[in-house]
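For reference, protein_31.csv is printed below; it contains CSV, C-alpha atoms.
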chain,number,residue,atom,x,y,z
Q,1,MET,CA,159.1,-117.0,-84.1
Q,2,ILE,CA,162.4,-116.3,-85.9
Q,3,THR,CA,161.8,-116.2,-89.7
Q,4,PRO,CA,163.1,-119.5,-91.3
Q,5,VAL,CA,165.4,-118.8,-94.3
Q,6,VAL,CA,165.9,-120.7,-97.5
Q,7,VAL,CA,169.0,-120.3,-99.7
Q,8,LEU,CA,168.3,-121.9,-103.0
Q,9,GLY,CA,169.7,-122.1,-106.5
Q,10,PRO,CA,171.0,-124.4,-109.2
Q,11,THR,CA,173.9,-126.7,-108.6
Q,12,ALA,CA,177.3,-125.0,-108.2
Q,13,SER,CA,175.7,-121.6,-107.5
Q,14,GLY,CA,177.4,-121.4,-104.1
Q,15,LYS,CA,174.3,-121.8,-101.9
Q,16,SER,CA,176.0,-124.0,-99.3
Q,17,ASP,CA,178.8,-121.5,-98.8
Q,18,VAL,CA,176.3,-118.7,-98.4
Q,19,ALA,CA,174.3,-120.6,-95.8
Q,20,MET,CA,177.4,-121.4,-93.8
Q,21,ALA,CA,178.4,-117.7,-93.9
Q,22,LEU,CA,175.0,-116.6,-92.9
Q,23,ALA,CA,174.9,-119.0,-89.9
Q,24,GLU,CA,178.3,-117.8,-88.7
Q,25,ALA,CA,177.5,-114.1,-89.3
Q,26,TRP,CA,174.3,-114.4,-87.1
Q,27,ARG,CA,176.3,-116.2,-84.4
Q,28,ASN,CA,179.0,-113.5,-84.5
Q,29,ASP,CA,176.4,-110.8,-84.2
Q,30,LYS,CA,174.7,-112.5,-81.2
Q,31,PRO,CA,176.2,-115.7,-79.8
Q,32,SER,CA,172.8,-116.8,-78.5
Q,33,VAL,CA,171.4,-117.0,-82.1
Q,34,VAL,CA,172.2,-120.5,-83.2
Q,35,ALA,CA,171.3,-121.5,-86.8
Q,36,GLU,CA,171.0,-125.1,-87.9
Q,37,ILE,CA,171.1,-126.1,-91.6
Q,38,VAL,CA,168.7,-128.5,-93.2
Q,39,ALA,CA,170.0,-129.9,-96.5
Q,40,VAL,CA,167.2,-130.1,-99.1
Q,41,ASP,CA,168.9,-132.4,-101.6
Q,42,ALA,CA,167.7,-135.6,-103.0
Q,43,MET,CA,171.2,-137.2,-103.2
Q,44,GLN,CA,173.0,-135.9,-100.1
Q,45,VAL,CA,170.7,-138.3,-98.1
Q,46,TYR,CA,173.0,-141.2,-99.2
Q,47,ARG,CA,175.9,-142.3,-97.0
Q,48,GLY,CA,179.1,-142.5,-98.9
Q,49,MET,CA,178.0,-140.2,-101.8
Q,50,ASP,CA,180.1,-137.3,-100.6
Q,51,ILE,CA,182.3,-136.0,-103.5
Q,52,GLY,CA,179.8,-136.1,-106.3
Q,53,THR,CA,177.0,-134.5,-104.3
Q,54,ALA,CA,179.3,-131.7,-102.9
Q,55,LYS,CA,178.2,-132.7,-99.4
Q,56,PRO,CA,179.3,-130.3,-96.6
Q,57,SER,CA,182.6,-131.2,-95.2
Q,58,VAL,CA,183.3,-132.6,-91.7
Q,59,ASP,CA,184.6,-129.2,-90.7
Q,60,ASP,CA,181.5,-127.4,-91.9
Q,61,ARG,CA,179.3,-129.9,-90.0
Q,62,ALA,CA,181.4,-129.3,-86.8
Q,63,ARG,CA,181.0,-125.6,-87.1
Q,64,VAL,CA,177.2,-125.6,-87.9
Q,65,ARG,CA,174.9,-128.5,-87.2
Q,66,HIS,CA,173.4,-130.0,-90.4
Q,67,HIS,CA,170.4,-132.2,-90.9
Q,68,CYS,CA,169.1,-134.6,-93.6
Q,69,LEU,CA,172.5,-135.8,-94.6
Q,70,ASP,CA,173.5,-139.5,-94.7
Q,71,LEU,CA,170.1,-140.8,-93.9
Q,72,VAL,CA,170.4,-144.1,-95.8
Q,73,ASP,CA,172.9,-146.3,-97.5
Q,74,ALA,CA,173.5,-145.9,-101.2
Q,75,SER,CA,172.0,-149.4,-101.7
Q,76,ALA,CA,168.6,-148.1,-100.6
Q,77,ASP,CA,165.9,-146.3,-102.6
Q,78,PHE,CA,164.8,-143.1,-101.0
Q,79,THR,CA,161.6,-141.1,-101.7
Q,80,MET,CA,160.2,-137.7,-101.2
Q,81,PRO,CA,157.8,-138.8,-98.5
Q,82,GLN,CA,160.7,-140.3,-96.6
Q,83,PHE,CA,162.6,-137.0,-96.9
Q,84,ALA,CA,159.6,-134.9,-95.9
Q,85,ALA,CA,159.1,-137.0,-92.8
Q,86,ALA,CA,162.8,-136.7,-91.8
Q,87,ALA,CA,163.0,-133.0,-92.6
Q,88,ARG,CA,159.8,-132.1,-90.7
Q,89,THR,CA,161.2,-133.9,-87.6
Q,90,ALA,CA,164.4,-131.9,-87.9
Q,91,LEU,CA,162.6,-128.6,-88.3
Q,92,SER,CA,160.4,-129.3,-85.2
Q,93,ASN,CA,163.5,-130.2,-83.2
Q,94,ILE,CA,165.4,-127.0,-84.3
Q,95,GLU,CA,162.4,-124.8,-83.5
Q,96,ALA,CA,161.9,-126.5,-80.1
Q,97,ASP,CA,165.5,-125.7,-79.2
Q,98,GLY,CA,164.8,-122.0,-80.1
Q,99,HIS,CA,167.3,-122.1,-82.9
Q,100,ARG,CA,167.1,-120.6,-86.3
Q,101,VAL,CA,166.1,-122.7,-89.3
Q,102,LEU,CA,168.2,-122.3,-92.5
Q,103,LEU,CA,167.4,-124.5,-95.5
Q,104,VAL,CA,169.8,-125.0,-98.4
Q,105,ALA,CA,167.8,-126.2,-101.3
Q,106,GLY,CA,168.7,-127.6,-104.7
Q,107,THR,CA,165.8,-130.1,-105.1
Q,108,GLY,CA,162.7,-128.0,-105.8
Q,109,LEU,CA,160.0,-130.6,-105.1
Q,110,TYR,CA,161.6,-131.6,-101.8
Q,111,LEU,CA,161.6,-127.9,-100.8
Q,112,ARG,CA,157.9,-127.4,-101.7
Q,113,SER,CA,157.1,-130.4,-99.4
Q,114,LEU,CA,158.4,-128.3,-96.5
Q,115,THR,CA,157.6,-124.7,-97.4
Q,116,ASP,CA,154.0,-125.5,-98.5
Q,117,ARG,CA,153.6,-128.8,-96.5
Q,118,LEU,CA,152.4,-130.5,-99.6
Q,119,GLU,CA,150.4,-133.6,-99.0
Q,120,VAL,CA,152.9,-136.2,-100.2
Q,121,PRO,CA,151.4,-139.4,-101.8
Q,122,GLY,CA,152.8,-142.7,-100.7
Q,123,THR,CA,154.8,-145.2,-102.8
Q,124,TRP,CA,153.7,-148.5,-104.3
Q,125,PRO,CA,156.9,-150.3,-105.5
Q,126,ASP,CA,155.1,-153.2,-107.1
Q,127,VAL,CA,152.9,-150.8,-109.2
Q,128,ARG,CA,156.0,-148.8,-110.2
Q,129,ALA,CA,157.9,-151.9,-111.2
Q,130,ARG,CA,155.0,-153.0,-113.5
Q,131,LEU,CA,154.8,-149.5,-115.0
Q,132,GLU,CA,158.6,-149.5,-115.7
Q,133,ARG,CA,158.3,-152.9,-117.4
Q,134,ARG,CA,155.5,-151.5,-119.5
Q,135,LEU,CA,157.6,-148.4,-120.3
Q,136,ALA,CA,160.3,-150.5,-121.8
Q,137,ILE,CA,157.8,-152.2,-124.1
Q,138,ASP,CA,155.1,-149.6,-124.9
Q,139,GLY,CA,157.0,-146.3,-124.5
Q,140,ALA,CA,156.3,-143.1,-122.6
Q,141,GLU,CA,153.6,-141.7,-124.8
Q,142,VAL,CA,151.4,-144.8,-124.4
Q,143,LEU,CA,151.6,-144.5,-120.6
Q,144,HIS,CA,150.9,-140.8,-120.8
Q,145,SER,CA,147.8,-141.5,-122.8
Q,146,GLU,CA,146.7,-143.9,-120.1
Q,147,LEU,CA,147.3,-141.2,-117.5
Q,148,ALA,CA,145.2,-138.7,-119.5
Q,149,LEU,CA,142.2,-141.1,-119.2
Q,150,ILE,CA,142.6,-141.6,-115.5
Q,151,ASP,CA,143.7,-138.1,-114.4
Q,152,PRO,CA,143.4,-135.5,-117.3
Q,153,LEU,CA,144.6,-132.6,-115.0
Q,154,ALA,CA,147.8,-134.4,-114.0
Q,155,ALA,CA,148.5,-135.4,-117.6
Q,156,SER,CA,148.0,-131.8,-118.9
Q,157,LYS,CA,150.9,-130.7,-116.7
Q,158,ILE,CA,153.3,-133.4,-117.7
Q,159,GLU,CA,155.1,-133.6,-121.0
Q,160,PRO,CA,154.3,-136.9,-122.9
Q,161,ALA,CA,158.0,-137.7,-123.1
Q,162,ASN,CA,158.6,-137.2,-119.4
Q,163,SER,CA,158.5,-140.9,-118.4
Q,164,ARG,CA,159.6,-140.3,-114.8
Q,165,ARG,CA,156.8,-138.0,-113.9
Q,166,THR,CA,154.2,-140.0,-115.9
Q,167,ILE,CA,155.1,-143.2,-114.1
Q,168,ARG,CA,155.0,-141.4,-110.7
Q,169,ALA,CA,151.5,-140.0,-111.4
Q,170,LEU,CA,150.2,-143.4,-112.7
Q,171,GLU,CA,151.8,-145.1,-109.7
Q,172,VAL,CA,149.8,-142.9,-107.3
Q,173,CYS,CA,146.6,-143.1,-109.3
Q,174,LEU,CA,146.7,-146.9,-109.4
Q,175,GLY,CA,148.2,-147.5,-106.0
Q,176,SER,CA,146.0,-145.0,-104.0
Q,177,GLN,CA,142.9,-145.2,-106.1
Q,178,ARG,CA,143.0,-141.4,-106.0
Q,179,GLN,CA,143.9,-139.0,-108.8
Q,180,PHE,CA,147.4,-137.8,-108.5
Q,181,SER,CA,146.2,-134.2,-109.1
Q,182,SER,CA,144.0,-134.4,-105.9
Q,183,TYR,CA,147.0,-134.3,-103.6
Q,184,GLY,CA,147.8,-131.0,-102.0
Q,185,PRO,CA,147.3,-127.5,-103.3
Q,186,GLY,CA,149.2,-128.3,-106.5
Q,187,LEU,CA,152.6,-127.3,-107.6
Q,188,ASP,CA,151.3,-124.3,-109.5
Q,189,THR,CA,149.8,-122.8,-106.4
Q,190,TYR,CA,152.0,-120.4,-104.3
Q,191,GLY,CA,150.3,-119.4,-101.1
Q,192,ALA,CA,151.6,-117.7,-98.0
Q,193,THR,CA,154.6,-119.3,-96.4
Q,194,PRO,CA,156.6,-118.4,-93.3
Q,195,TYR,CA,159.8,-119.0,-95.1
Q,196,ALA,CA,162.0,-116.1,-96.5
Q,197,GLN,CA,163.4,-117.6,-99.7
Q,198,PHE,CA,166.5,-116.2,-101.5
Q,199,GLY,CA,167.8,-117.5,-104.8
Q,200,LEU,CA,171.3,-117.1,-106.2
Q,201,ARG,CA,171.2,-116.1,-109.9
Q,202,TRP,CA,174.3,-116.3,-112.2
Q,203,THR,CA,174.5,-115.7,-115.9
Q,204,ARG,CA,174.2,-118.9,-117.8
Q,205,THR,CA,177.8,-118.6,-119.1
Q,206,ALA,CA,179.3,-118.0,-115.6
Q,207,LEU,CA,177.4,-120.9,-114.1
Q,208,ALA,CA,178.4,-123.2,-116.9
Q,209,ASP,CA,182.1,-122.3,-116.2
Q,210,ARG,CA,181.6,-122.9,-112.5
Q,211,ILE,CA,180.1,-126.3,-113.2
Q,212,GLU,CA,183.0,-127.4,-115.4
Q,213,ARG,CA,185.5,-126.4,-112.8
Q,214,ARG,CA,183.6,-128.1,-110.1
Q,215,VAL,CA,183.4,-131.4,-112.0
Q,216,HIS,CA,187.2,-131.4,-112.6
Q,217,ARG,CA,187.7,-130.7,-108.8
Q,218,MET,CA,185.5,-133.7,-108.0
Q,219,MET,CA,187.4,-136.0,-110.3
Q,220,ASP,CA,190.7,-134.8,-108.8
Q,221,ALA,CA,189.2,-135.4,-105.3
Q,222,GLY,CA,188.6,-139.1,-106.1
Q,223,LEU,CA,185.0,-139.3,-107.5
Q,224,LEU,CA,185.9,-142.4,-109.6
Q,225,ASP,CA,187.2,-144.2,-106.5
Q,226,GLU,CA,184.2,-143.2,-104.5
Q,227,VAL,CA,181.8,-144.7,-107.0
Q,228,ALA,CA,183.9,-147.9,-107.4
Q,229,GLY,CA,183.8,-148.3,-103.6
Q,230,LEU,CA,180.0,-147.9,-103.5
Q,231,LEU,CA,179.5,-150.4,-106.2
Q,232,ALA,CA,181.7,-152.9,-104.3
Q,233,ARG,CA,179.7,-152.7,-101.1
Q,234,PRO,CA,177.0,-155.3,-100.3
Q,235,GLY,CA,173.9,-154.2,-102.2
Q,236,GLY,CA,175.9,-151.9,-104.4
Q,237,MET,CA,174.0,-148.8,-105.4
Q,238,SER,CA,170.2,-148.5,-105.7
Q,239,ARG,CA,168.5,-147.5,-108.9
Q,240,THR,CA,167.8,-144.1,-107.4
Q,241,ALA,CA,171.4,-143.5,-106.2
Q,242,ARG,CA,172.8,-144.6,-109.6
Q,243,GLN,CA,170.9,-141.8,-111.3
Q,244,ALA,CA,172.7,-139.1,-109.4
Q,245,LEU,CA,174.6,-136.7,-111.6
Q,246,GLY,CA,178.3,-137.7,-111.7
Q,247,TYR,CA,177.6,-141.2,-110.4
Q,248,LYS,CA,175.5,-142.3,-113.4
Q,249,GLU,CA,178.3,-141.3,-115.8
Q,250,ILE,CA,181.1,-142.9,-113.7
Q,251,VAL,CA,179.1,-146.1,-113.4
Q,252,GLU,CA,178.9,-146.1,-117.2
Q,253,HIS,CA,182.7,-145.7,-117.4
Q,254,LEU,CA,183.3,-148.4,-114.9
Q,255,GLU,CA,181.0,-150.8,-116.8
Q,256,GLY,CA,183.1,-150.1,-119.9
Q,257,ARG,CA,180.4,-148.1,-121.8
Q,258,CYS,CA,182.5,-145.0,-122.2
Q,259,SER,CA,186.0,-143.7,-121.5
Q,260,ARG,CA,187.0,-141.6,-118.5
Q,261,ALA,CA,187.2,-138.5,-120.6
Q,262,GLU,CA,183.8,-139.2,-122.2
Q,263,ALA,CA,182.3,-139.7,-118.7
Q,264,VAL,CA,183.7,-136.3,-117.5
Q,265,GLU,CA,182.3,-134.5,-120.6
Q,266,ARG,CA,178.9,-136.2,-120.0
Q,267,ILE,CA,178.9,-135.1,-116.4
Q,268,ILE,CA,179.6,-131.5,-117.4
Q,269,LEU,CA,176.9,-131.5,-120.1
Q,270,ARG,CA,174.2,-133.1,-118.0
Q,271,THR,CA,175.0,-131.0,-115.0
Q,272,ARG,CA,174.7,-127.8,-117.0
Q,273,GLN,CA,171.3,-129.1,-118.4
Q,274,PHE,CA,170.2,-130.0,-114.9
Q,275,ALA,CA,171.1,-126.5,-113.6
Q,276,VAL,CA,168.9,-124.9,-116.3
Q,277,ARG,CA,166.0,-127.1,-115.2
Q,278,GLN,CA,166.6,-126.3,-111.5
Q,279,GLU,CA,166.5,-122.5,-112.2
Q,280,ARG,CA,163.4,-122.8,-114.3
Q,281,TRP,CA,161.6,-124.6,-111.5
Q,282,PHE,CA,162.7,-122.1,-108.9
Q,283,ARG,CA,161.9,-119.1,-111.1
Q,284,ARG,CA,158.2,-120.1,-111.2
Q,285,ASP,CA,157.9,-119.4,-107.5
Q,286,PRO,CA,157.0,-115.6,-107.2
Q,287,ARG,CA,157.9,-115.7,-103.5
Q,288,VAL,CA,161.7,-116.2,-104.1
Q,289,GLN,CA,163.8,-113.0,-103.9
Q,290,TRP,CA,166.6,-113.3,-106.4
Q,291,ILE,CA,170.1,-112.0,-105.8
Q,292,GLY,CA,172.3,-111.5,-108.9
Q,293,ILE,CA,175.8,-112.9,-108.4
Q,294,ASP,CA,178.8,-111.7,-110.5
Q,295,ARG,CA,181.8,-113.3,-108.8
Q,296,ASP,CA,181.6,-114.1,-105.1
Q,297,PRO,CA,178.3,-115.6,-103.8
Q,298,VAL,CA,179.2,-115.1,-100.1
Q,299,ALA,CA,180.4,-111.5,-100.5
Q,300,GLU,CA,177.5,-110.5,-102.6
Q,301,ALA,CA,174.6,-112.5,-101.3
Q,302,VAL,CA,175.1,-112.5,-97.5
Q,303,PRO,CA,174.9,-108.7,-97.0
Q,304,ALA,CA,171.9,-108.6,-99.3
Q,305,ILE,CA,170.0,-111.3,-97.4
Q,306,ARG,CA,170.8,-109.7,-94.1
Q,307,ARG,CA,169.7,-106.3,-95.3
Q,308,ILE,CA,166.4,-107.7,-96.6
Q,309,LEU,CA,165.7,-109.6,-93.4
Q,310,SER,CA,166.4,-106.5,-91.2
Q,311,GLN,CA,163.8,-104.4,-93.1

Any chance you could put this one into structure tokens?
Amino acid sequence: MITPVVVLGPTASGKSDVAMALAEAWRNDKPSVVAEIVAVDAMQVYRGMDIGTAKPSVDDRARVRHHCLDLVDASADFTMPQFAAAARTALSNIEADGHRVLLVAGTGLYLRSLTDRLEVPGTWPDVRARLERRLAIDGAEVLHSELALIDPLAASKIEPANSRRTIRALEVCLGSQRQFSSYGPGLDTYGATPYAQFGLRWTRTALADRIERRVHRMMDAGLLDEVAGLLARPGGMSRTARQALGYKEIVEHLEGRCSRAEAVERIILRTRQFAVRQERWFRRDPRVQWIGIDRDPVAEAVPAIRRILSQ
């Protein structure tokens, strides 16, 4: 079995460019080695959300086959269990064809569902809707206290102010009649995995600058028009899709809640904050081999990854 490879990192770190360069370098070395890319990204699954998610271009997809892009309309909600099912099918097909698996990962939990085959709980929309109504009335800490009574272990790993994770844990507990913490080996467990994982690490200042420049490029490329077009479609944008970085802020602007300039500043700030959270998540995994990047992720990471894999 050819070792499957993961290129991971925070947003704007250059992981997609590195993956493309790796796939093409392997093909240049040996034309019979065909790599296919699986995008592990919670928002690239939405059709029409191209600019703001930095989705691979049509040309990239023509050069290297990609999976797990454009799975659903932006009007639909999409969950981790749905992603895991689609991605596992893609992985099985790639391996059956004798091709090399190359994952590009920005969504840590989605990645763990593949590298560790986490047992993924189902979803209970009615339960979640009731909890979200309660959140608006009672607040996050009240729900967290309830979780602590039902599943103390899960509650101990979730900050009381983190309403999203608290609601998800309660949804599973109430919907499945099983403790949320009983599913899988747990996110704090890092066992053996067949995947070779490589992370791209920038200095905080350099990554912040890359994020700012990318946001301005997205605006120049027509992000505002893209969001307006999605909102105008039948069904509009789902609650989940609306929360995507860049889209949330442009929706706020289009609804008259902030100016265009304010929306851009919010995108930059929130994306920088999100990148910090992404890196913290990935840094917890001792199996990731980190590659420091100074200027050019392709020129610096691709030779390093190939050298490590050849050892």

Surrounding residues of range 225-236 of chain Q excluding itself and chain neighbours under 2 positions, 8 Å, only C-alpha atoms, as a ChimeraX atom specification: /Q:48-49,51,74-75,222-223,238,247,250-251,254

For Ala275 in chain Q, the nearest of the candidates Q:Leu207, Q:Val288, Q:Leu153, Q:Ala39, counting all atoms listed in the file: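 Selected residue with least distance to Ala275 in chain Q: Q:Leu207.
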
Counting all atoms listed in the file, which residues of range 131-156 of chain Q fall within 9 Å of range 167-185 of chain Q, and what is the closest atom pair for each with its distance in Å at one decimal, ordered by chain and rising number, as a Markdown table?
| residue | atom | partner | partner_atom | distance |
| --- | --- | --- | --- | --- |
| Q:Leu131 | CA | Q:Ile167 | CA | 6.4 |
| Q:Glu132 | CA | Q:Ile167 | CA | 7.4 |
| Q:Leu135 | CA | Q:Ile167 | CA | 8.5 |
| Q:Ala140 | CA | Q:Ile167 | CA | 8.6 |
| Q:Leu143 | CA | Q:Ile167 | CA | 7.5 |
| Q:His144 | CA | Q:Ile167 | CA | 8.3 |
| Q:Glu146 | CA | Q:Leu170 | CA | 8.2 |
| Q:Leu147 | CA | Q:Leu170 | CA | 6.0 |
| Q:Ile150 | CA | Q:Gln179 | CA | 7.3 |
| Q:Asp151 | CA | Q:Gln179 | CA | 5.7 |
| Q:Pro152 | CA | Q:Ser181 | CA | 8.8 |
| Q:Leu153 | CA | Q:Ser181 | CA | 6.3 |
| Q:Ala154 | CA | Q:Ser181 | CA | 5.2 |
| Q:Ala155 | CA | Q:Ala169 | CA | 8.3 |

CA of Ser145 in chain Q to CA of Glu159 in chain Q, distance in Å rounded to a single decimal: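 Going from CA of Ser145 in chain Q over to CA of Glu159 in chain Q covers 10.9 Å.
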
Which of Q:Pro56, Q:Gln197, Q:Arg164, Q:Val38 sits closest to Thr89 in chain Q [using all atoms listed in the file]: Q:Val38

One-decimal distance in Å that lies between CA of Leu200 in chain Q and CA of Ile94 in chain Q: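 Computed distance, CA of Ile94 in chain Q to CA of Leu200 in chain Q, equals 24.7 Å.
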
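Going from CA of Leu114 in chain Q over to CA of Arg65 in chain Q, you cover 18.9 Å.
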
Near-Ala263 in chain Q list (8 Å; all atoms listed in the file; drop same-chain fewer than 2 positions) as JSON, numbers by chain: {"Q": [249, 250, 252, 253, 258, 259, 260, 261, 265, 266, 267]}

Polymer residues at most 12 Å from (154.0, -130.0, -96.7) by only C-alpha atoms, as a PyMOL selection string: chain Q and resi 80-81+83-85+87-88+109-121+183-187+193

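Proximity ranking of Q:Cys68, Q:Ala96, Q:Ile291, Q:Leu103 relative to Phe198 in chain Q places Q:Ile291 first, based on only C-alpha atoms.
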
Exercise: residues within 12 Å of coordinate (171.8, -113.9, -106.9), counting only C-alpha atoms, as a VMD selection string: chain Q and resid 7 to 10 13 to 15 18 197 to 203 207 279 283 288 to 305

Tyr190 in chain Q environment, 8 Å, only C-alpha atoms, sequence neighbours closer than 6 positions dropped, as a PyMOL selection string: chain Q and resi 116+285-287

Residue neighbourhood Asp41 in chain Q, 9 Å, all atoms listed in the file, exclusion window fewer than 4 positions, as a PyMOL selection string: chain Q and resi 45+53+68-69+104-108+110-111
